[in-house]
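K.L.:
Questions regarding the structure given below will be posed in turn.
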Amino acid sequence: MAAGRVAHLFRGALARKGGKVTPSNSFPNPSDYAANEVPAQLAGWEEMYPGHFFFGEARQEWENRHFWYLDKIHAPYPMPPLDHIFQQAWQISLSQHTTRIFCIPPAQGIAHRIVGCYQYICAVEPPPEDVIGEKAALFGARAHYPVEHYDELYHEWVERIQELGRQMKHIKVPELPRYMPDSEIFPNDFRGYTAAYELQEAFSRAVDAMYKGWQYHFNYLNLSYLYYLTFFGVAKTLFPGVSDSAVSKMVAGAEVSMFQPDAELCKLARMAHGSPSLAAVLKGDGSAADKIGLLRETPNGEAWLDQIDKIKDPWMHISAGSGWYHYEGSWLNKLDIPFGYIKNYIERLDKGERIERSLDEISAARDELVTEYRRLIKTDEDRQSFDNAYSDTRIIYKYAEDHLFWVEHWFHTLWWEKTREIGEALVKAGSLKTADDLFMFNRFEVPALIEDTVTRWALGEGVPVMPWAETAAKRRGILKAAAEWSPSPALGQTPGEVAEPFTIMLWGITTDKVTEWLKGTSVEPGDVNEIKGFASSAGTAEGVARVLSTAEEIAQLKDGEILVCPSTNPSWGPALGRVAAAVTDIGGLTSHAAIVSREYGLPAVTGTGLATKVINTGDRVRVDGDNGVVTVVERATA
Amino acid sequence: MQYVVDLEYTDRHAVGRVGGKNANLGELLHSGIRVPPGFAVTVDGYLHFLEATGLGVKLHELLRDVCPDDQECLDQISGEIRRVILEAEIPQAIAAELRANYEALASKCCREDIPVAVRSSATAEDLPSASFAGQQDTYLWIQGPDEVARSMLRCWSSLFNARAISYRVINDFPHEKVHMSVGVQKMVNAKAAGVMFTLNPANGDLSQVLIEGNWGLGETVASGEVTPDQFRVDKISYEVNERHISHKHIECVPDPVGRGAREVPLDPDRQDASCLTNEEIRELARIARLIENHYGAPQDIEWAIDKDLPFPDNVFIVQARPETVWSQKKPEPLLSGKTAMDLVMQRAMQTIKFS
């Protein structure tokens with residue numbers, strides 16, 4: 001889960017301009033909607049996901065009285081069946097940390113459903129009063145310990161996730177050999193089981209590790225959000241007019257793991273810059289693969305490539321997207337992304353520019369900001385409360401900033417590498433056409449797919465194969481059709497009250513949001529000329545939009561354009577140095593795009609929900625980073 | 001004796017010499033704030049005027065018989081005093097210095113007959129609970145040394161309007177102890193002007209600067225004749241957190257035919273347009289913070305944006321005075337001395353209710 005986001009994420013998007021409006025007081029009934037409103041082109045979508053993720057009769061009464069909204073943060077696009085595993089894992093882990101571990105008194109977990117390949121979630125209604133009382137006692141006793149011991153706890157946490165990652169990395173994925181080797185017969189290496197079992201075990205171990213990793217993911221995240229919200233409340237009490245982004249700036253740390261990959265690229269660029277022949281190769285226009293070939297014959301080239309190898313684990317385990325979808329790829333398998341940045345950095349070094357983020361300057365600027373606000377507090381008592389809340393929040397909020405790299409990027413990349421290996425083994429065994437077919441089966445189906453594969457192998461020669469590849473192709477078609485569909489932003493009853501911290505902070509569910517959704521449920525993106533999001537970085541800019549969906553497309557970007565993209569991460573970092581403003585679909589005040597934009601001093605509006613749908617490349621847009629508004633000034637002529 | 005002094009040579013210690021308003025402008029200049037250039041006719045000049053013309057004695061006599069409860073008597077005496085001041089001949093020494101300074105200002109600004117604002121600046125202005133603000137006059141867009149001299153006499157005479165006289169009598173404040181200096185300042189050729197507070201007057205939030213403005217000179221904002229545009233800016237981060245662009249029907253501009261300034265209807269293009277750009281808003285907030293830091297207390301500030309100069313040289317401060325409403329309240333703790341864990345517990349118990 002990405003770092004903290006307060007207030008109004010996809011704050012609805014919909015300032016309508018001539019759009020159709022259906023006034024109503026509640027959202028569609030969930031099970032009716034799932035049964036009747038999913039377009040026919042998506043037929044068969046239910047087969048892709050486990051049955052307990054559907055709306056239906058068995059739990060209808062409970063489902064109907066809850067408020068379900070589209071999870072555009074983790075699942076903005078239709079859900080490939082195996083990629084659903086993270087969602088399955090976080091539903092459990094996030095919820096239990098609220099209900100059973102830290103026991104946030106009136107809050108319960110977040111429940112999931114799927115409709116037509118899209119994920120809906122809801123904050124479960126508050127528990128009975130006596131449970132709130134029990135939890136309050138436990139919360140009081142538990143909620144401060146992690147703050148008091150944060151450094152040692154975080155140190156242990158990193159060791160824990162790293163150990164788990166190593167286990168994932170070392171899972172052996174065998175190919176099914178024509179005959180088992182001698183070692184399965186003769187005493188020295190005798191194991192008693194075959195590659196068939198080993199392949200089954202490989203997937204099962206990868207799944208176990210993934211679930212455990214997601215248990216770790218939330219170890220301190222719920223608390224970290226709660227402290228953030230507390231400090232947020234303190235700042236707003238003392239300064240009713242202070243903006244959300246100003247509060248975020250006060251809390252933001254400079255040394256965030258998410259920025260380390262970029263720092264490593266800066267080092268590589270400096271190393272190459274010191275050696276003209278090396279720099280010449282890296283500044284060339286060829287692909288990363290071509291350049292690696294040339295570097296092997298260039299003086300110092302091998303040493304430079306060794307350096308890349310040294311930092312590869314962990315710092316090149318960066319998704320080219322959010323880390324949530326198998327097709328995004330990572331720096332490991334899309335080397336053109338880091339090589340593109342290195343090229344850009346060397347060119348900037350040639351011009352005498354500084355390429356590194358100055359941690360000292362960033363920290364000093366933040367400290368000065370806090371000092372200045374603190375000076376305005378009118379009483380010593382309030383200053384004391386502010387100091388206490390601030391220092392606790394700063395300590396624990398580091399977790400929200402750091403976990404993202406280790407779980408969503410490093411650990412997920414290891415998962416993608418491993419599952420793709422399994423996919424390849426299944427291609428070799430004749431069950432699938434491509435390794436990525438694997439992702440068209442959910443995590444309960446994959447064991448069946450593997451079992452069928454190894455069974456055929458065990459049965460001998462001439463045994464027919466089940467139509468796994470055909471199923472994969474059909475499901476790809478369903479996902480493609482789903483991408484064309486805009487489901488209702490919410491289903492069910494408008495909520496009574498919400499206490500769950502993620503719902504407020506990460507998804508920004510507020511009365512305003514719900515009202516806006518109610519107003520705008522039937523507006524088409526093409527009718528929208530103004531969208532709202534987080535005012536993530538101050539300033540205004542007007543210019544030509546460049547809509548990019550993945551970091552691989554960054555080469556299309558021209559200096560001074562306005563970047564419009566789903567979300568950013570270190571894969572996009574250097575690109576932000578060249579644009580006039582940034583707009584994202586996903587991401588709050590402490591998202592990567594927001595932090596980097598503030599550092600570059602460029603206006604940014606994040607978490608708009610549908611900027612990439614509403615805006616087209618070539619449109620002239622105005623970005624108001626003070627108020628979180630993006631306006632299409634003039635449409636590009638088609 | 002020096003009867004006229006450049007504002008650059010005054011500061012807050014010069015209240016006795018140039019009055020509160022002028023001393024304050026000098027103080028702002030000294031702290032690096034952009035204030036339109038100008039000069040002050042000193043209290044010594046005023047006293048010399050009273051003495052040389054013999055008016056000092058005459059006024060004393062006229063005021064001896066004043067009866068504060070009798071409006072007719074007040075009006076009659078006040079009228080008589082103002083008449084004699086306006087008709088008096090300005091002593092040569094003062095007239096010469098005034099002319100020399102005006103011409104120096106004109107040549108500094110490279111414009112003959114430079115338009116100026118002439119304002120009274122009384123020495124008693126800053127006495128606690130004796131706000132004389134608004135009881136004295138301001139004359140805008142005055143051109144030429146003779147007009148300036150006339151406006152100076154009108155400023156002096158304003159010390160003796162009926163309300164000022166009765167106020168002093170009721171509060172037992174001797175008339176002869178209130179002295180007046182007159183400020184003469186280059187007129188800002190205002191594209192837009194208005195006021196700002198270094199806190200949010202609605203809730204006392206010290207982290208915000210509230211700016212109100214309209215097209216043209218600031219008079220329409222101060223008088224409340226238009227609903228001004230309103231901007232709320234963060235004092236520390238300089239984010240513009242709120243903006244209300246109102247419908248504005250008039251502006252105050254220099255009279256195109258006659259003298260002084262007058263109100264004219266706004267052309268339709270500007271009626272619903274923001275009178276300030278984002279960079280001007282931020283620059284104003286930055287200056288507001290500087291002024292507040294200089295005085296160590298919240299301020300109520302008048303500003304104007306010049307048409308002829310490039311940004312940021314066009315952003316002028318024409319007045320700053322202490323904010324009086326929130327600054328006089330005793331601050332109460334808002335968080336009731338809660339510890340971090342108290343606050344976290346309170347937050348954890350909180351739910352967001354949906355309507």
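Going by the structure tokens order, chains are called A, B, ..., each with residues numbered from 1, while ligands are numbered from 1 in the order shown.
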Env of B:Gln71: 10 Å cut, atoms = only C-alpha atoms, seq-sep filter 3 positions within chain, self excluded. Answer as a PyMOL selection string.
P.N.:
chain B and resi 67-68+74-77+162-163+166
K.L.:
Can I get the selected residues back with all heavy atoms, as an mmCIF file, in the first residue's frame?
P.N.:
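Saved the output as result.cif:
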```cif
data_model
loop_
_atom_site.group_PDB
_atom_site.id
_atom_site.type_symbol
_atom_site.label_atom_id
_atom_site.label_comp_id
_atom_site.auth_asym_id
_atom_site.auth_seq_id
_atom_site.Cartn_x
_atom_site.Cartn_y
_atom_site.Cartn_z
ATOM 1 N N CYS B 67 -18.758 74.117 23.675
ATOM 2 C CA CYS B 67 -19.657 73.361 24.542
ATOM 3 C C CYS B 67 -19.951 72.021 23.858
ATOM 4 O O CYS B 67 -20.706 71.992 22.882
ATOM 5 C CB CYS B 67 -20.942 74.144 24.757
ATOM 6 S SG CYS B 67 -21.322 75.170 23.309
ATOM 7 N N PRO B 68 -19.324 70.930 24.309
ATOM 8 C CA PRO B 68 -19.356 69.665 23.567
ATOM 9 C C PRO B 68 -20.756 69.085 23.406
ATOM 10 O O PRO B 68 -20.990 68.272 22.511
ATOM 11 C CB PRO B 68 -18.469 68.740 24.399
ATOM 12 C CG PRO B 68 -18.408 69.361 25.759
ATOM 13 C CD PRO B 68 -18.581 70.833 25.569
ATOM 14 N N LEU B 74 -20.874 73.507 18.431
ATOM 15 C CA LEU B 74 -19.702 72.771 17.938
ATOM 16 C C LEU B 74 -19.477 73.044 16.459
ATOM 17 O O LEU B 74 -18.373 73.367 16.024
ATOM 18 C CB LEU B 74 -19.926 71.264 18.123
ATOM 19 C CG LEU B 74 -19.298 70.573 19.328
ATOM 20 C CD1 LEU B 74 -19.698 69.104 19.312
ATOM 21 C CD2 LEU B 74 -17.785 70.712 19.310
ATOM 22 N N ASP B 75 -20.562 72.872 15.705
ATOM 23 C CA ASP B 75 -20.463 73.038 14.257
ATOM 24 C C ASP B 75 -20.019 74.451 13.892
ATOM 25 O O ASP B 75 -19.206 74.643 12.989
ATOM 26 C CB ASP B 75 -21.826 72.771 13.592
ATOM 27 C CG ASP B 75 -22.150 71.284 13.577
ATOM 28 O OD1 ASP B 75 -21.219 70.490 13.823
ATOM 29 O OD2 ASP B 75 -23.321 70.934 13.350
ATOM 30 N N GLN B 76 -20.531 75.386 14.633
ATOM 31 C CA GLN B 76 -20.226 76.776 14.316
ATOM 32 C C GLN B 76 -18.756 77.067 14.583
ATOM 33 O O GLN B 76 -18.049 77.634 13.737
ATOM 34 C CB GLN B 76 -21.134 77.688 15.149
ATOM 35 C CG GLN B 76 -21.127 79.136 14.696
ATOM 36 C CD GLN B 76 -20.774 80.067 15.833
ATOM 37 O OE1 GLN B 76 -21.197 79.843 16.972
ATOM 38 N NE2 GLN B 76 -19.996 81.089 15.542
ATOM 39 N N ILE B 77 -18.266 76.662 15.743
ATOM 40 C CA ILE B 77 -16.869 76.912 16.092
ATOM 41 C C ILE B 77 -15.935 76.159 15.144
ATOM 42 O O ILE B 77 -14.954 76.692 14.628
ATOM 43 C CB ILE B 77 -16.593 76.532 17.568
ATOM 44 C CG1 ILE B 77 -17.352 77.510 18.474
ATOM 45 C CG2 ILE B 77 -15.102 76.553 17.866
ATOM 46 C CD1 ILE B 77 -17.278 77.181 19.943
ATOM 47 N N ALA B 162 -15.906 68.870 13.996
ATOM 48 C CA ALA B 162 -16.737 68.869 15.209
ATOM 49 C C ALA B 162 -16.496 67.624 16.071
ATOM 50 O O ALA B 162 -16.371 67.714 17.293
ATOM 51 C CB ALA B 162 -18.207 68.973 14.814
ATOM 52 N N ARG B 163 -16.385 66.457 15.405
ATOM 53 C CA ARG B 163 -16.232 65.212 16.178
ATOM 54 C C ARG B 163 -14.916 65.207 16.938
ATOM 55 O O ARG B 163 -14.837 64.784 18.079
ATOM 56 C CB ARG B 163 -16.320 64.011 15.242
ATOM 57 C CG ARG B 163 -17.750 63.520 15.084
ATOM 58 C CD ARG B 163 -17.809 62.344 14.141
ATOM 59 N NE ARG B 163 -17.054 61.202 14.629
ATOM 60 C CZ ARG B 163 -16.411 60.363 13.832
ATOM 61 N NH1 ARG B 163 -16.397 60.531 12.545
ATOM 62 N NH2 ARG B 163 -15.786 59.333 14.348
ATOM 63 N N SER B 166 -15.091 67.583 19.958
ATOM 64 C CA SER B 166 -15.923 67.081 21.051
ATOM 65 C C SER B 166 -15.251 65.860 21.711
ATOM 66 O O SER B 166 -15.277 65.716 22.930
ATOM 67 C CB SER B 166 -17.326 66.772 20.540
ATOM 68 O OG SER B 166 -17.534 65.393 20.444
#
```
K.L.:
Could you please select, counting only C-alpha atoms, the residues of chain A within 6 Å of chain B and state them as a list in words?
P.N.:
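So the contacting residues turn out to be Ile104, Thr230, Phe239, Thr379, Glu381, Asp382, Ser385, Asn388, Ala389, Gly496, Glu497, Val498, Ala499, Thr511, Ala538 and Asp626 of chain A.
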K.L.:
Those selected residues, please, written with N, CA and C atoms and delivered as a PDB file, in the first residue's frame.
P.N.:
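Below is the file that was written, out_17.pdb:
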```pdb
ATOM      1  N   ILE A 104      -7.900  -0.799  17.194  1.00  0.00           N
ATOM      2  CA  ILE A 104      -8.418   0.575  17.096  1.00  0.00           C
ATOM      3  C   ILE A 104      -9.908   0.512  17.432  1.00  0.00           C
ATOM      4  N   THR A 230      -3.626  11.862  13.590  1.00  0.00           N
ATOM      5  CA  THR A 230      -3.629  12.598  14.855  1.00  0.00           C
ATOM      6  C   THR A 230      -2.902  13.928  14.684  1.00  0.00           C
ATOM      7  N   PHE A 239      -4.217  25.528  13.459  1.00  0.00           N
ATOM      8  CA  PHE A 239      -4.243  26.389  12.268  1.00  0.00           C
ATOM      9  C   PHE A 239      -5.368  25.931  11.346  1.00  0.00           C
ATOM     10  N   THR A 379      -0.048  29.440  22.676  1.00  0.00           N
ATOM     11  CA  THR A 379       0.227  29.145  24.089  1.00  0.00           C
ATOM     12  C   THR A 379       1.296  28.071  24.232  1.00  0.00           C
ATOM     13  N   GLU A 381       1.283  25.636  26.330  1.00  0.00           N
ATOM     14  CA  GLU A 381       0.624  24.329  26.478  1.00  0.00           C
ATOM     15  C   GLU A 381       0.384  23.672  25.122  1.00  0.00           C
ATOM     16  N   ASP A 382      -0.140  24.472  24.194  1.00  0.00           N
ATOM     17  CA  ASP A 382      -0.398  23.935  22.856  1.00  0.00           C
ATOM     18  C   ASP A 382       0.899  23.572  22.150  1.00  0.00           C
ATOM     19  N   SER A 385       1.866  20.166  23.321  1.00  0.00           N
ATOM     20  CA  SER A 385       1.068  19.108  22.680  1.00  0.00           C
ATOM     21  C   SER A 385       1.498  18.912  21.235  1.00  0.00           C
ATOM     22  N   ASN A 388       4.827  17.053  21.076  1.00  0.00           N
ATOM     23  CA  ASN A 388       4.683  15.619  21.371  1.00  0.00           C
ATOM     24  C   ASN A 388       4.079  14.875  20.187  1.00  0.00           C
ATOM     25  N   ALA A 389       2.985  15.406  19.674  1.00  0.00           N
ATOM     26  CA  ALA A 389       2.320  14.719  18.560  1.00  0.00           C
ATOM     27  C   ALA A 389       3.238  14.691  17.351  1.00  0.00           C
ATOM     28  N   GLY A 496     -22.943   5.421   7.183  1.00  0.00           N
ATOM     29  CA  GLY A 496     -23.373   6.161   8.357  1.00  0.00           C
ATOM     30  C   GLY A 496     -22.177   6.842   8.978  1.00  0.00           C
ATOM     31  N   GLU A 497     -21.217   6.036   9.432  1.00  0.00           N
ATOM     32  CA  GLU A 497     -19.994   6.621   9.954  1.00  0.00           C
ATOM     33  C   GLU A 497     -18.825   5.685   9.687  1.00  0.00           C
ATOM     34  N   VAL A 498     -17.642   6.272   9.594  1.00  0.00           N
ATOM     35  CA  VAL A 498     -16.448   5.480   9.316  1.00  0.00           C
ATOM     36  C   VAL A 498     -15.368   5.846  10.320  1.00  0.00           C
ATOM     37  N   ALA A 499     -14.703   4.827  10.899  1.00  0.00           N
ATOM     38  CA  ALA A 499     -13.610   5.072  11.831  1.00  0.00           C
ATOM     39  C   ALA A 499     -12.312   4.496  11.295  1.00  0.00           C
ATOM     40  N   THR A 511     -17.802  12.852   3.251  1.00  0.00           N
ATOM     41  CA  THR A 511     -19.162  13.187   2.823  1.00  0.00           C
ATOM     42  C   THR A 511     -19.144  13.838   1.439  1.00  0.00           C
ATOM     43  N   ALA A 538       2.326  23.186  -4.735  1.00  0.00           N
ATOM     44  CA  ALA A 538       1.749  24.496  -5.042  1.00  0.00           C
ATOM     45  C   ALA A 538       2.226  25.055  -6.375  1.00  0.00           C
ATOM     46  N   ASP A 626      -2.371  24.738  -6.210  1.00  0.00           N
ATOM     47  CA  ASP A 626      -2.798  25.309  -4.931  1.00  0.00           C
ATOM     48  C   ASP A 626      -4.155  24.763  -4.516  1.00  0.00           C
TER      49      ASP A 626
END
```
K.L.:
Tell me, as a count of residues only, which residues lie within 9 Å of stretch 326-331 of chain A, counting only C-alpha atoms; anything in the same chain fewer than 4 positions away does not count.
P.N.:
22
K.L.:
DSSP on the backbone, strand (DSSP E) only: what residues of stretch 230-294 of chain B does that give? Format it as a PyMOL selection string.
P.N.:
chain B and resi 230-234+240-244+250-254+261-265
K.L.:
Those selected residues, please, written with N, CA and C atoms and delivered as an mmCIF file, in the first residue's frame.
P.N.:
```cif
data_model
loop_
_atom_site.group_PDB
_atom_site.id
_atom_site.type_symbol
_atom_site.label_atom_id
_atom_site.label_comp_id
_atom_site.auth_asym_id
_atom_site.auth_seq_id
_atom_site.Cartn_x
_atom_site.Cartn_y
_atom_site.Cartn_z
ATOM 1 N N GLN B 230 -11.331 38.088 -2.580
ATOM 2 C CA GLN B 230 -10.720 37.694 -1.312
ATOM 3 C C GLN B 230 -9.811 36.494 -1.536
ATOM 4 N N PHE B 231 -8.624 36.575 -0.973
ATOM 5 C CA PHE B 231 -7.658 35.484 -1.120
ATOM 6 C C PHE B 231 -7.135 35.116 0.261
ATOM 7 N N ARG B 232 -7.100 33.824 0.535
ATOM 8 C CA ARG B 232 -6.498 33.370 1.801
ATOM 9 C C ARG B 232 -5.235 32.602 1.460
ATOM 10 N N VAL B 233 -4.119 33.083 1.968
ATOM 11 C CA VAL B 233 -2.813 32.517 1.613
ATOM 12 C C VAL B 233 -2.132 32.007 2.876
ATOM 13 N N ASP B 234 -1.465 30.870 2.763
ATOM 14 C CA ASP B 234 -0.716 30.371 3.907
ATOM 15 C C ASP B 234 0.526 31.232 4.121
ATOM 16 N N VAL B 240 -2.036 29.412 -1.955
ATOM 17 C CA VAL B 240 -3.294 30.163 -1.957
ATOM 18 C C VAL B 240 -4.403 29.167 -1.634
ATOM 19 N N ASN B 241 -4.863 29.169 -0.402
ATOM 20 C CA ASN B 241 -5.786 28.132 0.045
ATOM 21 C C ASN B 241 -7.232 28.399 -0.323
ATOM 22 N N GLU B 242 -7.558 29.650 -0.576
ATOM 23 C CA GLU B 242 -8.944 29.958 -0.892
ATOM 24 C C GLU B 242 -8.970 31.227 -1.719
ATOM 25 N N ARG B 243 -9.843 31.254 -2.714
ATOM 26 C CA ARG B 243 -10.006 32.504 -3.444
ATOM 27 C C ARG B 243 -11.475 32.685 -3.812
ATOM 28 N N HIS B 244 -11.989 33.861 -3.521
ATOM 29 C CA HIS B 244 -13.342 34.199 -3.939
ATOM 30 C C HIS B 244 -13.245 35.384 -4.877
ATOM 31 N N ILE B 250 -17.550 48.831 -9.535
ATOM 32 C CA ILE B 250 -16.890 50.135 -9.697
ATOM 33 C C ILE B 250 -15.417 50.043 -9.325
ATOM 34 N N GLU B 251 -14.660 51.060 -9.747
ATOM 35 C CA GLU B 251 -13.301 51.198 -9.263
ATOM 36 C C GLU B 251 -13.028 52.684 -9.046
ATOM 37 N N CYS B 252 -12.008 52.950 -8.235
ATOM 38 C CA CYS B 252 -11.645 54.324 -7.962
ATOM 39 C C CYS B 252 -10.400 54.638 -8.794
ATOM 40 N N VAL B 253 -10.510 55.666 -9.642
ATOM 41 C CA VAL B 253 -9.398 56.005 -10.543
ATOM 42 C C VAL B 253 -9.154 57.510 -10.496
ATOM 43 N N PRO B 254 -7.967 57.949 -10.950
ATOM 44 C CA PRO B 254 -7.735 59.381 -11.032
ATOM 45 C C PRO B 254 -8.757 60.009 -11.969
ATOM 46 N N ALA B 261 -9.402 61.889 -7.272
ATOM 47 C CA ALA B 261 -9.792 60.570 -7.740
ATOM 48 C C ALA B 261 -11.301 60.460 -7.705
ATOM 49 N N ARG B 262 -11.848 59.594 -8.556
ATOM 50 C CA ARG B 262 -13.301 59.404 -8.538
ATOM 51 C C ARG B 262 -13.663 57.965 -8.880
ATOM 52 N N GLU B 263 -14.884 57.609 -8.539
ATOM 53 C CA GLU B 263 -15.343 56.252 -8.809
ATOM 54 C C GLU B 263 -15.976 56.177 -10.185
ATOM 55 N N VAL B 264 -15.621 55.143 -10.920
ATOM 56 C CA VAL B 264 -16.219 54.949 -12.248
ATOM 57 C C VAL B 264 -16.670 53.494 -12.368
ATOM 58 N N PRO B 265 -17.638 53.231 -13.249
ATOM 59 C CA PRO B 265 -18.074 51.847 -13.439
ATOM 60 C C PRO B 265 -16.914 51.033 -14.048
#
```
K.L.:
Work out how far atom CA of B:Ile291 is from atom CA of B:Ala122, in Å to one decimal.
P.N.:
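Those two atoms sit 21.9 Å apart.
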K.L.:
Looking at B:Asp113, B:Glu80, B:Glu103, B:Glu87, which one is nearest to B:Arg154, with distances taken over only C-alpha atoms?
P.N.:
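When distances to B:Arg154 are compared using only C-alpha atoms, the smallest one comes from B:Glu87.
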K.L.:
Which polymer residues have any atom within 12 Å of an atom of A:Met271, counting only C-alpha atoms, with same-chain residues fewer than 2 positions away left out, as a list of chain:residue names?
P.N.:
A:Glu264, A:Leu265, A:Cys266, A:Lys267, A:Leu268, A:Ala269, A:His273, A:Gly274, A:Ser275, A:Pro276, A:Ser277, A:Leu278, A:Ala279, A:Leu282, A:Asn300, A:Gly301, A:Ala303, A:Trp304, A:Leu305, A:Gln307, A:Ile308, A:Ile342, A:Tyr345, A:Ile346, A:Leu349
K.L.:
For stretch 296-308 of chain B, work out the shell of residues within 6 Å, counting only C-alpha atoms and skipping chain neighbours fewer than 6 positions away, then give it as a PyMOL selection string.
P.N.:
chain B and resi 188-198+314-323
K.L.:
Rounded to one decimal place, report the atom CA of A:Gly533-atom CA of A:Pro487 distance in Å.
P.N.:
19.7 Å
K.L.:
Please identify all polymer residues within 8 Å of A:Pro28, counting only C-alpha atoms, omitting same-chain residues fewer than 3 positions from it, and present them as a ChimeraX atom specification.
P.N.:
/A:32-33,490-492
K.L.:
Write out as a list in words each polymer residue whose atoms come within 12 Å of B:His60, counting only C-alpha atoms; drop sequence neighbours fewer than 6 positions from it.
P.N.:
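Surrounding residues, per the criterion: Leu50, Glu51, Gly54, Val66, Ile77, Ile81, Phe160, Pro174, His175, Glu176 and Lys177 of chain B.
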K.L.:
Produce a file of the selected residues containing N, CA, C and O atoms, as a PDB file, in the first residue's frame.
P.N.:
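That gives us result34.pdb:
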```pdb
ATOM      1  N   LEU B  50       1.112  77.862  13.012  1.00  0.00           N
ATOM      2  CA  LEU B  50       0.211  78.451  14.013  1.00  0.00           C
ATOM      3  C   LEU B  50       0.803  79.739  14.579  1.00  0.00           C
ATOM      4  O   LEU B  50       0.106  80.733  14.769  1.00  0.00           O
ATOM      5  N   GLU B  51       2.144  79.693  14.789  1.00  0.00           N
ATOM      6  CA  GLU B  51       2.783  80.825  15.422  1.00  0.00           C
ATOM      7  C   GLU B  51       2.900  82.006  14.445  1.00  0.00           C
ATOM      8  O   GLU B  51       2.486  83.135  14.754  1.00  0.00           O
ATOM      9  N   GLY B  54      -0.284  83.661  13.688  1.00  0.00           N
ATOM     10  CA  GLY B  54      -1.050  84.098  14.840  1.00  0.00           C
ATOM     11  C   GLY B  54      -2.297  83.269  15.082  1.00  0.00           C
ATOM     12  O   GLY B  54      -3.117  83.566  15.943  1.00  0.00           O
ATOM     13  N   VAL B  66     -16.038  76.438  23.764  1.00  0.00           N
ATOM     14  CA  VAL B  66     -16.741  75.314  23.126  1.00  0.00           C
ATOM     15  C   VAL B  66     -17.586  74.535  24.129  1.00  0.00           C
ATOM     16  O   VAL B  66     -17.221  74.404  25.302  1.00  0.00           O
ATOM     17  N   ILE B  77     -18.266  76.662  15.743  1.00  0.00           N
ATOM     18  CA  ILE B  77     -16.869  76.912  16.092  1.00  0.00           C
ATOM     19  C   ILE B  77     -15.935  76.159  15.144  1.00  0.00           C
ATOM     20  O   ILE B  77     -14.954  76.692  14.628  1.00  0.00           O
ATOM     21  N   ILE B  81     -13.072  77.774  12.663  1.00  0.00           N
ATOM     22  CA  ILE B  81     -11.655  77.423  12.738  1.00  0.00           C
ATOM     23  C   ILE B  81     -11.157  76.937  11.383  1.00  0.00           C
ATOM     24  O   ILE B  81     -10.097  77.347  10.907  1.00  0.00           O
ATOM     25  N   PHE B 160      -9.808  69.919  13.497  1.00  0.00           N
ATOM     26  CA  PHE B 160     -10.817  70.711  14.212  1.00  0.00           C
ATOM     27  C   PHE B 160     -12.221  70.468  13.684  1.00  0.00           C
ATOM     28  O   PHE B 160     -13.076  71.340  13.772  1.00  0.00           O
ATOM     29  N   PRO B 174      -6.095  67.947  26.092  1.00  0.00           N
ATOM     30  CA  PRO B 174      -5.905  69.344  25.683  1.00  0.00           C
ATOM     31  C   PRO B 174      -5.722  69.472  24.173  1.00  0.00           C
ATOM     32  O   PRO B 174      -4.932  68.727  23.582  1.00  0.00           O
ATOM     33  N   HIS B 175      -6.458  70.424  23.578  1.00  0.00           N
ATOM     34  CA  HIS B 175      -6.376  70.621  22.126  1.00  0.00           C
ATOM     35  C   HIS B 175      -4.952  70.931  21.672  1.00  0.00           C
ATOM     36  O   HIS B 175      -4.492  70.446  20.642  1.00  0.00           O
ATOM     37  N   GLU B 176      -4.236  71.693  22.476  1.00  0.00           N
ATOM     38  CA  GLU B 176      -2.914  72.135  22.036  1.00  0.00           C
ATOM     39  C   GLU B 176      -1.888  71.016  22.087  1.00  0.00           C
ATOM     40  O   GLU B 176      -0.784  71.154  21.579  1.00  0.00           O
ATOM     41  N   LYS B 177      -2.252  69.898  22.695  1.00  0.00           N
ATOM     42  CA  LYS B 177      -1.295  68.793  22.759  1.00  0.00           C
ATOM     43  C   LYS B 177      -1.403  67.851  21.551  1.00  0.00           C
ATOM     44  O   LYS B 177      -0.586  66.946  21.388  1.00  0.00           O
TER      45      LYS B 177
END
```
K.L.:
Which residue, A:Val614, A:Ile92, A:Leu153, A:Val124, has the smallest gap to A:Tyr211 when you use only C-alpha atoms?
P.N.:
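The closest residue to A:Tyr211 is A:Ile92.
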